[in-house]
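K.L.:
Encoded as structure tokens, here's the structure I'll be asking about.
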Amino acid sequence: MRKIPIFTLLAAILLFGGYYLYQHASSKVDVTFNYVVTDKGKDNTVTGTIDGAGNKSVTLPLSKESWDAVKKGNRYNVEATFYNKNKISSDEAKELDGPFWSNDSNQGLLVNKVQVKNIQELSDDF
């Protein structure tokens, strides 16, 4: 029986690891949007609407510090990240209106775990 060279095994492991990393890195979605807070939950979440996304309410988890700083009724610029692992159903996708939802990857915001990187209040001054 022939022995398999160690370099062949090492190359196979590196190829598999690179492919695995590529598959999971490609599903990461970074999104930035303007958000109006309509309600604050007790579990460090906020519910609100996204500008350009119709009247669909979106709930976002926040850190304790960010949740304390956010005020109901104010407009915020949100930078968020999620991994687009779950897809929205076609029936639910048909009900979404507004240009924000026309990008299919933005629809993943409704069904995937979202991590808010930054939330900053927008002022009314120009």
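Here, A, B, ... name the chains of the structure tokens in the order displayed, residue numbers run from 1 inside each chain, and ligands are numbered from 1 in the same displayed order.
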Using only C-alpha atoms, which protein or nucleic acid residues come within 7 Å of segment 34-44 of chain A? Drop anything in the same chain fewer than 4 positions from it, and give the result as a list in words.

P.N.:
Gly48, Thr49, Ile50, Asp51, Pro61, Leu62, Ser63, Lys64, Trp67, Lys72, Gly73, Asn74, Arg75, Tyr76, Asn77 and Val78 of chain A

K.L.:
Taking only segment 9-97 of chain A into account, list the residues labelled helix (DSSP H, G or I) by DSSP (computed from the backbone), as a CSV table (one decimal) with all heavy atoms, in the first residue's frame.

P.N.:
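Generated output (states_8.csv):
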```csv
chain,number,residue,atom,x,y,z
A,9,LEU,N,-1.8,15.9,1.6
A,9,LEU,CA,-2.9,16.1,2.6
A,9,LEU,C,-3.0,17.6,3.0
A,9,LEU,O,-4.1,18.1,3.2
A,9,LEU,CB,-2.5,15.2,3.8
A,9,LEU,CG,-2.8,13.8,3.7
A,9,LEU,CD1,-2.3,13.0,4.9
A,9,LEU,CD2,-4.2,13.5,3.5
A,10,LEU,N,-1.8,18.2,3.2
A,10,LEU,CA,-1.8,19.6,3.6
A,10,LEU,C,-2.5,20.5,2.6
A,10,LEU,O,-3.3,21.4,2.9
A,10,LEU,CB,-0.4,20.1,3.9
A,10,LEU,CG,-0.2,21.5,4.5
A,10,LEU,CD1,-0.9,21.6,5.8
A,10,LEU,CD2,1.3,21.8,4.6
A,11,ALA,N,-2.2,20.2,1.3
A,11,ALA,CA,-2.8,21.0,0.2
A,11,ALA,C,-4.3,20.8,0.2
A,11,ALA,O,-5.1,21.7,0.0
A,11,ALA,CB,-2.2,20.6,-1.1
A,12,ALA,N,-4.8,19.6,0.4
A,12,ALA,CA,-6.2,19.3,0.4
A,12,ALA,C,-6.9,20.0,1.5
A,12,ALA,O,-8.0,20.6,1.3
A,12,ALA,CB,-6.4,17.8,0.4
A,13,ILE,N,-6.3,20.0,2.7
A,13,ILE,CA,-6.9,20.7,3.8
A,13,ILE,C,-6.9,22.2,3.6
A,13,ILE,O,-7.9,22.8,3.9
A,13,ILE,CB,-6.1,20.4,5.1
A,13,ILE,CG1,-6.3,18.9,5.5
A,13,ILE,CG2,-6.5,21.3,6.3
A,13,ILE,CD1,-5.4,18.4,6.6
A,14,LEU,N,-5.9,22.8,3.0
A,14,LEU,CA,-5.9,24.2,2.7
A,14,LEU,C,-6.9,24.6,1.7
A,14,LEU,O,-7.6,25.6,1.8
A,14,LEU,CB,-4.5,24.7,2.3
A,14,LEU,CG,-3.4,24.7,3.4
A,14,LEU,CD1,-2.1,25.1,2.8
A,14,LEU,CD2,-3.8,25.8,4.4
A,15,LEU,N,-7.1,23.7,0.7
A,15,LEU,CA,-8.1,24.0,-0.3
A,15,LEU,C,-9.5,23.9,0.2
A,15,LEU,O,-10.3,24.8,0.0
A,15,LEU,CB,-8.0,23.0,-1.5
A,15,LEU,CG,-6.9,23.3,-2.5
A,15,LEU,CD1,-6.7,22.1,-3.5
A,15,LEU,CD2,-7.1,24.6,-3.2
A,16,PHE,N,-9.8,22.9,1.0
A,16,PHE,CA,-11.1,22.8,1.7
A,16,PHE,C,-11.3,24.0,2.6
A,16,PHE,O,-12.4,24.6,2.6
A,16,PHE,CB,-11.2,21.5,2.5
A,16,PHE,CG,-12.5,21.3,3.2
A,16,PHE,CD1,-13.6,21.0,2.5
A,16,PHE,CD2,-12.5,21.5,4.6
A,16,PHE,CE1,-14.8,20.9,3.2
A,16,PHE,CE2,-13.7,21.4,5.2
A,16,PHE,CZ,-14.9,21.1,4.6
A,17,GLY,N,-10.3,24.4,3.4
A,17,GLY,CA,-10.5,25.5,4.3
A,17,GLY,C,-10.7,26.8,3.6
A,17,GLY,O,-11.6,27.6,4.0
A,18,GLY,N,-10.0,27.0,2.5
A,18,GLY,CA,-10.2,28.2,1.7
A,18,GLY,C,-11.6,28.3,1.0
A,18,GLY,O,-12.3,29.3,1.0
A,19,TYR,N,-12.1,27.1,0.5
A,19,TYR,CA,-13.4,27.1,0.0
A,19,TYR,C,-14.5,27.3,1.0
A,19,TYR,O,-15.4,28.1,0.8
A,19,TYR,CB,-13.6,25.7,-0.7
A,19,TYR,CG,-15.0,25.5,-1.2
A,19,TYR,CD1,-15.4,26.1,-2.4
A,19,TYR,CD2,-16.0,24.7,-0.5
A,19,TYR,CE1,-16.7,25.9,-2.9
A,19,TYR,CE2,-17.3,24.6,-1.0
A,19,TYR,CZ,-17.6,25.2,-2.2
A,19,TYR,OH,-18.9,25.0,-2.7
A,20,TYR,N,-14.3,26.7,2.2
A,20,TYR,CA,-15.3,26.9,3.3
A,20,TYR,C,-15.3,28.4,3.7
A,20,TYR,O,-16.4,29.0,3.9
A,20,TYR,CB,-14.8,26.1,4.5
A,20,TYR,CG,-15.8,26.2,5.7
A,20,TYR,CD1,-17.0,25.5,5.7
A,20,TYR,CD2,-15.4,27.0,6.8
A,20,TYR,CE1,-17.8,25.5,6.8
A,20,TYR,CE2,-16.3,27.1,7.9
A,20,TYR,CZ,-17.5,26.3,7.9
A,20,TYR,OH,-18.3,26.4,8.9
A,21,LEU,N,-14.1,29.0,3.8
A,21,LEU,CA,-14.1,30.4,4.2
A,21,LEU,C,-14.7,31.3,3.1
A,21,LEU,O,-15.4,32.3,3.4
A,21,LEU,CB,-12.6,30.9,4.4
A,21,LEU,CG,-12.4,32.3,4.8
A,21,LEU,CD1,-13.0,32.6,6.2
A,21,LEU,CD2,-10.9,32.6,4.9
A,22,TYR,N,-14.4,31.0,1.9
A,22,TYR,CA,-15.0,31.8,0.8
A,22,TYR,C,-16.5,31.7,0.8
A,22,TYR,O,-17.2,32.7,0.6
A,22,TYR,CB,-14.4,31.3,-0.6
A,22,TYR,CG,-15.1,31.9,-1.8
A,22,TYR,CD1,-14.7,33.2,-2.1
A,22,TYR,CD2,-16.0,31.2,-2.5
A,22,TYR,CE1,-15.3,33.8,-3.2
A,22,TYR,CE2,-16.6,31.8,-3.6
A,22,TYR,CZ,-16.3,33.1,-4.0
A,22,TYR,OH,-16.9,33.7,-5.0
A,23,GLN,N,-17.1,30.5,1.0
A,23,GLN,CA,-18.5,30.4,1.0
A,23,GLN,C,-19.2,31.2,2.1
A,23,GLN,O,-20.2,31.7,1.9
A,23,GLN,CB,-18.9,28.9,1.1
A,23,GLN,CG,-18.6,28.1,-0.1
A,23,GLN,CD,-19.5,28.5,-1.3
A,23,GLN,OE1,-19.2,29.5,-1.9
A,23,GLN,NE2,-20.5,27.8,-1.5
A,24,HIS,N,-18.6,31.2,3.3
A,24,HIS,CA,-19.2,31.9,4.4
A,24,HIS,C,-18.9,33.4,4.4
A,24,HIS,O,-19.7,34.2,4.8
A,24,HIS,CB,-18.8,31.3,5.7
A,24,HIS,CG,-19.4,29.9,5.9
A,24,HIS,ND1,-20.7,29.8,6.3
A,24,HIS,CD2,-18.8,28.7,5.8
A,24,HIS,CE1,-20.9,28.5,6.4
A,24,HIS,NE2,-19.8,27.8,6.1
A,25,ALA,N,-17.8,33.8,3.8
A,25,ALA,CA,-17.5,35.2,3.7
A,25,ALA,C,-18.4,35.9,2.7
A,25,ALA,O,-18.7,37.1,2.8
A,25,ALA,CB,-16.0,35.4,3.5
A,64,LYS,N,-26.6,47.7,25.3
A,64,LYS,CA,-27.2,48.5,26.3
A,64,LYS,C,-26.9,50.0,26.2
A,64,LYS,O,-27.8,50.8,26.4
A,64,LYS,CB,-26.7,47.9,27.7
A,64,LYS,CG,-27.2,48.6,28.9
A,64,LYS,CD,-28.7,48.3,29.1
A,64,LYS,CE,-29.2,48.9,30.4
A,64,LYS,NZ,-30.6,49.3,30.4
A,65,GLU,N,-25.7,50.3,25.9
A,65,GLU,CA,-25.3,51.7,25.8
A,65,GLU,C,-26.1,52.4,24.6
A,65,GLU,O,-26.6,53.5,24.8
A,65,GLU,CB,-23.8,51.9,25.6
A,65,GLU,CG,-23.0,51.4,26.7
A,65,GLU,CD,-22.8,49.9,26.7
A,65,GLU,OE1,-22.9,49.3,25.6
A,65,GLU,OE2,-22.6,49.3,27.8
A,66,SER,N,-26.2,51.7,23.5
A,66,SER,CA,-26.9,52.3,22.4
A,66,SER,C,-28.4,52.4,22.6
A,66,SER,O,-29.0,53.4,22.3
A,66,SER,CB,-26.6,51.5,21.1
A,66,SER,OG,-25.3,51.5,20.7
A,67,TRP,N,-28.9,51.4,23.3
A,67,TRP,CA,-30.3,51.4,23.6
A,67,TRP,C,-30.7,52.5,24.5
A,67,TRP,O,-31.7,53.1,24.4
A,67,TRP,CB,-30.7,50.0,24.2
A,67,TRP,CG,-32.2,49.9,24.4
A,67,TRP,CD1,-33.1,49.5,23.5
A,67,TRP,CD2,-32.9,50.1,25.7
A,67,TRP,NE1,-34.4,49.4,24.1
A,67,TRP,CE2,-34.3,49.8,25.4
A,67,TRP,CE3,-32.5,50.5,26.9
A,67,TRP,CZ2,-35.2,49.9,26.4
A,67,TRP,CZ3,-33.5,50.6,27.9
A,67,TRP,CH2,-34.8,50.3,27.6
A,68,ASP,N,-29.8,52.8,25.5
A,68,ASP,CA,-30.1,53.9,26.4
A,68,ASP,C,-30.0,55.3,25.7
A,68,ASP,O,-30.8,56.2,26.1
A,68,ASP,CB,-29.0,53.9,27.6
A,68,ASP,CG,-29.2,52.8,28.5
A,68,ASP,OD1,-30.4,52.2,28.6
A,68,ASP,OD2,-28.3,52.4,29.2
A,69,ALA,N,-29.2,55.4,24.7
A,69,ALA,CA,-29.1,56.7,24.0
A,69,ALA,C,-30.2,56.9,22.9
A,69,ALA,O,-30.5,58.1,22.6
A,69,ALA,CB,-27.7,56.7,23.3
A,90,SER,N,-41.5,33.9,-0.7
A,90,SER,CA,-41.9,34.7,-1.9
A,90,SER,C,-43.2,35.4,-1.6
A,90,SER,O,-43.4,36.5,-2.1
A,90,SER,CB,-42.0,33.8,-3.1
A,90,SER,OG,-43.0,32.8,-2.8
A,91,ASP,N,-44.1,34.9,-0.8
A,91,ASP,CA,-45.3,35.6,-0.4
A,91,ASP,C,-45.0,36.8,0.4
A,91,ASP,O,-45.6,37.9,0.1
A,91,ASP,CB,-46.2,34.7,0.4
A,91,ASP,CG,-46.7,33.5,-0.5
A,91,ASP,OD1,-46.8,33.6,-1.7
A,91,ASP,OD2,-47.1,32.5,0.1
A,92,GLU,N,-44.1,36.7,1.3
A,92,GLU,CA,-43.7,37.9,2.1
A,92,GLU,C,-43.0,38.9,1.3
A,92,GLU,O,-43.1,40.1,1.5
A,92,GLU,CB,-42.9,37.4,3.3
A,92,GLU,CG,-42.9,38.5,4.4
A,92,GLU,CD,-42.2,37.9,5.7
A,92,GLU,OE1,-42.0,36.7,5.8
A,92,GLU,OE2,-41.8,38.8,6.5
A,93,ALA,N,-42.1,38.4,0.4
A,93,ALA,CA,-41.4,39.4,-0.5
A,93,ALA,C,-42.3,40.2,-1.4
A,93,ALA,O,-42.0,41.3,-1.7
A,93,ALA,CB,-40.4,38.6,-1.3
A,94,LYS,N,-43.4,39.6,-1.8
A,94,LYS,CA,-44.3,40.4,-2.7
A,94,LYS,C,-45.0,41.5,-1.9
A,94,LYS,O,-45.4,42.5,-2.5
A,94,LYS,CB,-45.4,39.4,-3.2
A,94,LYS,CG,-44.9,38.4,-4.2
A,94,LYS,CD,-46.0,37.5,-4.7
A,94,LYS,CE,-45.4,36.4,-5.6
A,94,LYS,NZ,-46.5,35.4,-6.0
A,95,GLU,N,-45.1,41.4,-0.6
A,95,GLU,CA,-45.8,42.4,0.2
A,95,GLU,C,-44.9,43.6,0.5
A,95,GLU,O,-45.4,44.6,0.9
A,95,GLU,CB,-46.3,41.8,1.5
A,95,GLU,CG,-47.4,40.7,1.3
A,95,GLU,CD,-47.7,40.1,2.6
A,95,GLU,OE1,-47.3,40.5,3.7
A,95,GLU,OE2,-48.5,39.1,2.6
```

K.L.:
Within 7 Å of Pro99 of chain A, counting only C-alpha atoms, which residues show up once you throw out same-chain ones fewer than 3 positions away? Write them as number ranges by chain, please.

P.N.:
A: 52-53, 102

K.L.:
Only all heavy atoms, please: the residues just picked out, written as a short mmCIF file (atom, residue, chain, number, x, y, z; two decimals), in the first residue's frame.

P.N.:
```cif
data_model
loop_
_atom_site.label_atom_id
_atom_site.label_comp_id
_atom_site.auth_asym_id
_atom_site.auth_seq_id
_atom_site.Cartn_x
_atom_site.Cartn_y
_atom_site.Cartn_z
N GLY A 52 -37.58 54.63 2.77
CA GLY A 52 -37.56 53.98 1.47
C GLY A 52 -37.99 52.53 1.50
O GLY A 52 -37.85 51.83 0.51
N ALA A 53 -38.50 52.07 2.64
CA ALA A 53 -38.90 50.67 2.76
C ALA A 53 -40.38 50.52 3.08
O ALA A 53 -40.81 49.53 3.66
CB ALA A 53 -38.06 49.99 3.83
N SER A 102 -35.99 46.43 -3.01
CA SER A 102 -35.73 45.95 -4.37
C SER A 102 -34.40 45.21 -4.46
O SER A 102 -34.21 44.37 -5.34
CB SER A 102 -35.76 47.11 -5.37
OG SER A 102 -34.73 48.03 -5.09
#
```

K.L.:
Enter the distance from atom CA of Ser27 of chain A to atom CA of Thr8 of chain A, in Å, rounded to one decimal.

P.N.:
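Atom CA of Thr8 of chain A lies 29.5 Å from atom CA of Ser27 of chain A.
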
K.L.:
Return as an MDAnalysis selection string the full set of residues in segment 7-126 of chain A whose backbone-based DSSP assignment is strand (DSSP E or B).

P.N.:
chainID A and resid 28:40 45:50 57:61 75:83 114:121

K.L.:
Applying 12 Å and only C-alpha atoms, which residues near Ile88 of chain A remain after dropping the ones on its own chain fewer than 4 positions away? List them as a PyMOL selection string.

P.N.:
chain A and resi 84+92-96+101+104-112

K.L.:
Deliver the residues from the most recent selection as a file, using N, CA and C atoms, as a PDB file, in the first residue's frame.

P.N.:
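part.pdb was written with the following content:
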```pdb
ATOM      1  N   ASN A  84     -26.463  36.415   5.269  1.00  0.00           N
ATOM      2  CA  ASN A  84     -27.667  36.119   4.504  1.00  0.00           C
ATOM      3  C   ASN A  84     -27.853  34.611   4.354  1.00  0.00           C
ATOM      4  N   GLU A  92     -44.092  36.726   1.310  1.00  0.00           N
ATOM      5  CA  GLU A  92     -43.736  37.885   2.123  1.00  0.00           C
ATOM      6  C   GLU A  92     -42.961  38.908   1.300  1.00  0.00           C
ATOM      7  N   ALA A  93     -42.145  38.450   0.372  1.00  0.00           N
ATOM      8  CA  ALA A  93     -41.370  39.357  -0.483  1.00  0.00           C
ATOM      9  C   ALA A  93     -42.286  40.181  -1.378  1.00  0.00           C
ATOM     10  N   LYS A  94     -43.398  39.617  -1.822  1.00  0.00           N
ATOM     11  CA  LYS A  94     -44.346  40.351  -2.666  1.00  0.00           C
ATOM     12  C   LYS A  94     -45.007  41.495  -1.916  1.00  0.00           C
ATOM     13  N   GLU A  95     -45.133  41.365  -0.583  1.00  0.00           N
ATOM     14  CA  GLU A  95     -45.797  42.396   0.212  1.00  0.00           C
ATOM     15  C   GLU A  95     -44.892  43.584   0.522  1.00  0.00           C
ATOM     16  N   LEU A  96     -43.587  43.445   0.295  1.00  0.00           N
ATOM     17  CA  LEU A  96     -42.657  44.523   0.594  1.00  0.00           C
ATOM     18  C   LEU A  96     -42.722  45.577  -0.507  1.00  0.00           C
ATOM     19  N   TRP A 101     -36.262  47.529  -0.520  1.00  0.00           N
ATOM     20  CA  TRP A 101     -36.469  46.084  -0.625  1.00  0.00           C
ATOM     21  C   TRP A 101     -36.207  45.551  -2.026  1.00  0.00           C
ATOM     22  N   ASP A 104     -32.387  42.327  -3.279  1.00  0.00           N
ATOM     23  CA  ASP A 104     -32.741  41.055  -2.628  1.00  0.00           C
ATOM     24  C   ASP A 104     -31.962  40.814  -1.346  1.00  0.00           C
ATOM     25  N   SER A 105     -30.698  41.250  -1.281  1.00  0.00           N
ATOM     26  CA  SER A 105     -29.934  40.997  -0.064  1.00  0.00           C
ATOM     27  C   SER A 105     -30.442  41.818   1.111  1.00  0.00           C
ATOM     28  N   ASN A 106     -31.074  42.961   0.861  1.00  0.00           N
ATOM     29  CA  ASN A 106     -31.646  43.740   1.961  1.00  0.00           C
ATOM     30  C   ASN A 106     -32.826  43.020   2.608  1.00  0.00           C
ATOM     31  N   GLN A 107     -33.496  42.160   1.859  1.00  0.00           N
ATOM     32  CA  GLN A 107     -34.624  41.415   2.405  1.00  0.00           C
ATOM     33  C   GLN A 107     -34.190  40.460   3.508  1.00  0.00           C
ATOM     34  N   GLY A 108     -32.938  40.056   3.505  1.00  0.00           N
ATOM     35  CA  GLY A 108     -32.415  39.189   4.552  1.00  0.00           C
ATOM     36  C   GLY A 108     -32.408  39.843   5.912  1.00  0.00           C
ATOM     37  N   LEU A 109     -32.540  41.163   5.957  1.00  0.00           N
ATOM     38  CA  LEU A 109     -32.595  41.904   7.216  1.00  0.00           C
ATOM     39  C   LEU A 109     -33.776  41.454   8.074  1.00  0.00           C
ATOM     40  N   LEU A 110     -34.830  40.963   7.439  1.00  0.00           N
ATOM     41  CA  LEU A 110     -36.040  40.568   8.156  1.00  0.00           C
ATOM     42  C   LEU A 110     -35.966  39.173   8.761  1.00  0.00           C
ATOM     43  N   VAL A 111     -35.124  38.285   8.224  1.00  0.00           N
ATOM     44  CA  VAL A 111     -35.149  36.886   8.655  1.00  0.00           C
ATOM     45  C   VAL A 111     -33.818  36.371   9.198  1.00  0.00           C
ATOM     46  N   ASN A 112     -32.790  37.209   9.262  1.00  0.00           N
ATOM     47  CA  ASN A 112     -31.490  36.779   9.766  1.00  0.00           C
ATOM     48  C   ASN A 112     -31.109  37.555  11.017  1.00  0.00           C
TER      49      ASN A 112
END
```

K.L.:
Please measure the separation of atom CA of Asn55 of chain A and atom CA of Asn103 of chain A, giving the value in Å to one decimal.

P.N.:
16.8 Å

K.L.:
Of the residues A:Leu60, A:Val46, A:Lys28, A:Glu121, which is the one nearest to Lys85 of chain A, using only C-alpha atoms?

P.N.:
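Closest residue, counting only C-alpha atoms: A:Lys28.
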